[in-house]
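Have a look at the structure below before the remarks.
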Amino acid sequence: MTASVPFMPAARVRRIRESPSSAAAARVRELKAAGRDVLDLTVGEPDFDTPRHVKDAAIRAIEAGETKYTPVNGTPRLREAIRTRLLRTTGIRYDDAQITVGGGGKQVVYLAFTASLDEGDEVIVPAPYWVSYPDMVRANDGTPVILATRAEDRYKVTPGALRAAITPRTKWLVLNAPSNPTGVLYTRGELAALGEVLAEAPHVRVLTDEIYDEIVFGDERAVGLAQAAPGIRDRVLTVNGVSKSYAMTGWRLGYAVGDPGVIGAINLLQSQTSSCPSSITQAAAAEALTGDQSFVAEAAAVYRERRDRAVELVGAVDGLAPIVPDGAFYLFVDCRGLLGRTTPTGAVLENDQDVALYFLEEAGVAVIQGSAYGVAPFFRMSFATDRETIEAGIGAIREAVERLG
């Protein structure tokens with residue numbers, strides 16, 4: 001037998017790294033399997049079960065034999081559900097040529113970049129950012145342009161900063177609000193001001209990731225760029241899904257609406273990859289989007305209570321300063337007050353990764369370092385878990401901080 005040549009991943013794979021959040025979750029599973037008690041505050045998914053009426057819709061679909069391939073852009077019922085939902089929440093009506101569906105919002109974002117980026121094309125990614133955006137751009141031959149934001153602006157993009165970041169090679173701006181990891185939300189006026197800048201740059205499209213748009217804590221619902229800046233609506237690709245708002249992370253259903261040219265290119269790619277999302281998931285998602293919406297409001301109210309408690313407890317820990325989120329279910333916590341301090345073993349906390357490792361080893365609490373999201377020194381903790389775990393986790397962090405020299 002001749003020796004085989006060692007496998008070498010393609011360049012697009014070598015350019016990217018494993019998702020830090022996935023790596024953190026894997027590390028927690030390893031520690032638990034080894035018998036270690038770990039309070040996991042890394043998880044970016046609801047701890048609620050999928051609503052009963054949504055599960056029933058999936059069961060009915062199975063029993064009715066709805067187990068075949070569907071059109072690439074989803075069943076007629078799902079497309080109508082997406083249309084109905086967006087008309088209800090945004091006042092904008094989209095037709096079939098403006099809708100794409102995929103195996104989660106993450107796949108839709110990836111395919112949007114695959115469909116549009118050539119080597120050297122730039123994508124403006126404001127920091128802090130969801131960990132996958134830059135690597136998705138790199139994997140598709142693009143260049144992520146990390147746009148720094150400021151604490152005094154609540155880590156939101158300002159018109160001046162956006163204007164300075166745009167070049168002739170800019171293909172996309174990515175906006176995620178409510179944000180993972182900060183939870184901050186843009187006002188209608190702030191989005192309109194960004195729209196005025198984008199009107200000056202007709203070659204720039206905007207991918208707005210609105211997966212957390214139902215999980216907001218104020219009196220007003222989230223406003224998207226397509227609503228706030230109608231003059232550039234034809235360049236806005238709005239991505240959403242059912243994972244977060246309806247506790248359907250494992251069902252894997254995301255969708256996007258926007259320019260028929262972009263949507264058509266995504267659908268072409270979809271036809272040559274997974275063909276279509278699960279027909280059963282599509283039936284469940286259609287029910288989620290158009291059926292009883294009481295779960296959404298009830299879950300958001302619980303998240304708000306958890307947020308308030310988490311902010312109170314973290315804010316009382318010396319050296320930690322949380323950003324108060326407007327939505328989603330994360331706290332992004334400034335931990336610069338811990339840097340330079342010494343652990344009981346004599347190690348010095350030099351960066352936010354050291355802080356996260358210290359919390360894991362000393363307190364048995366898993367969080368994710370802020371540098372994974374492009375801003376340091378911070379860490380992200382999730383409050384998409386029960387109040388007992390939140391209180392126990394922050395309590396253990398507080399005690400670990402008190403042991404620092």
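Chain identifiers are assigned as A, B, and so on, following the order in which chains appear in the structure tokens; residues are numbered from 1 within each chain, and ligands are numbered from 1 in order of appearance.
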
Proximity of range 151-245 of chain A to range 267-284 of chain A: per-residue shortest pair, 12 Å limit, only C-alpha atoms, as a Markdown table:
```
| residue | atom | partner | partner_atom | distance |
| --- | --- | --- | --- | --- |
| A:Gly241 | CA | A:Gln282 | CA | 11.1 |
| A:Val242 | CA | A:Ala284 | CA | 9.6 |
| A:Ser243 | CA | A:Thr281 | CA | 11.2 |
```

Practice prompt. Please provide as a list of chain:residue names all residues within 12 Å of Arg88 in chain A, with the sequence filter that same-chain residues fewer than 6 positions apart are discarded (counting only C-alpha atoms).
Written response: A:Ala81, A:Ile82, A:Tyr94, A:Arg221, A:Leu289, A:Thr290, A:Gln293

Same residues, N, CA, C and O atoms, output as a PDB file, in the first residue's frame:
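And here's selection26.pdb as it stands now:
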```pdb
ATOM      1  N   ALA A  81     -46.287  33.021   5.343  1.00  0.00           N
ATOM      2  CA  ALA A  81     -46.099  33.308   6.769  1.00  0.00           C
ATOM      3  C   ALA A  81     -45.023  34.375   6.966  1.00  0.00           C
ATOM      4  O   ALA A  81     -45.176  35.276   7.804  1.00  0.00           O
ATOM      5  N   ILE A  82     -43.937  34.272   6.210  1.00  0.00           N
ATOM      6  CA  ILE A  82     -42.875  35.279   6.296  1.00  0.00           C
ATOM      7  C   ILE A  82     -43.410  36.637   5.856  1.00  0.00           C
ATOM      8  O   ILE A  82     -43.179  37.661   6.503  1.00  0.00           O
ATOM      9  N   TYR A  94     -43.270  41.921   0.965  1.00  0.00           N
ATOM     10  CA  TYR A  94     -42.297  41.313   0.059  1.00  0.00           C
ATOM     11  C   TYR A  94     -42.985  40.234  -0.773  1.00  0.00           C
ATOM     12  O   TYR A  94     -43.874  39.529  -0.285  1.00  0.00           O
ATOM     13  N   ARG A 221     -41.028  48.386  19.807  1.00  0.00           N
ATOM     14  CA  ARG A 221     -40.406  47.238  19.193  1.00  0.00           C
ATOM     15  C   ARG A 221     -39.188  47.686  18.365  1.00  0.00           C
ATOM     16  O   ARG A 221     -39.042  48.873  18.048  1.00  0.00           O
ATOM     17  N   LEU A 289     -44.608  31.742  13.051  1.00  0.00           N
ATOM     18  CA  LEU A 289     -44.656  33.122  12.566  1.00  0.00           C
ATOM     19  C   LEU A 289     -46.064  33.692  12.525  1.00  0.00           C
ATOM     20  O   LEU A 289     -46.239  34.909  12.641  1.00  0.00           O
ATOM     21  N   THR A 290     -47.065  32.837  12.343  1.00  0.00           N
ATOM     22  CA  THR A 290     -48.428  33.341  12.156  1.00  0.00           C
ATOM     23  C   THR A 290     -49.404  32.915  13.235  1.00  0.00           C
ATOM     24  O   THR A 290     -50.519  33.439  13.296  1.00  0.00           O
ATOM     25  N   GLN A 293     -48.952  34.366  19.311  1.00  0.00           N
ATOM     26  CA  GLN A 293     -47.669  35.033  19.590  1.00  0.00           C
ATOM     27  C   GLN A 293     -47.442  35.300  21.080  1.00  0.00           C
ATOM     28  O   GLN A 293     -46.475  35.970  21.443  1.00  0.00           O
TER      29      GLN A 293
END
```

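Taking CA of Tyr155 in chain A and CA of Ile368 in chain A as endpoints, the distance between them is 18.2 Å.
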
Worksheet item: Can you list, as a PyMOL selection string, every protein, DNA or RNA residue that comes within 12 Å of Gln227 in chain A when you count only C-alpha atoms, leaving out same-chain residues fewer than 6 positions away?
Response: chain A and resi 86-87+89-93+187-189+191-192+195+208+233-234+236+238

Discussion item. At a cut-off of 7 Å, using only C-alpha atoms, what residues contact Val184 in chain A? Leave out same-chain residues fewer than 5 positions from it and give the result as a list in words.
Written reply: Ala177, Pro178, Ser179, Pro325, Asp326 and Gly327 of chain A

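Counting only C-alpha atoms, the residue from A:Ala57, A:Val28, A:Leu339, A:Val43 that sits nearest to Glu287 in chain A is A:Ala57.
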
Item to complete: Using DSSP on the backbone coordinates, identify all residues within range 11-163 of chain A classified as alpha helix (DSSP H); present the result as a ChimeraX atom specification.
Response: /A:11-14,20-33,52-63,76-90,105-116,132-139,159-163

Fill in: Sel. of strand (DSSP E) residues, range 87-209 of chain A, as a PyMOL selection string
chain A and resi 99-102+122-127+143-148+170-176+205-209

Worksheet item: Which residues, written as a ChimeraX atom specification, have at least one atom at most 6 Å from Gly142 in chain A, with only C-alpha atoms counted and residues fewer than 4 positions away on the same chain left out?
Response: /A:117,119-122,137-138
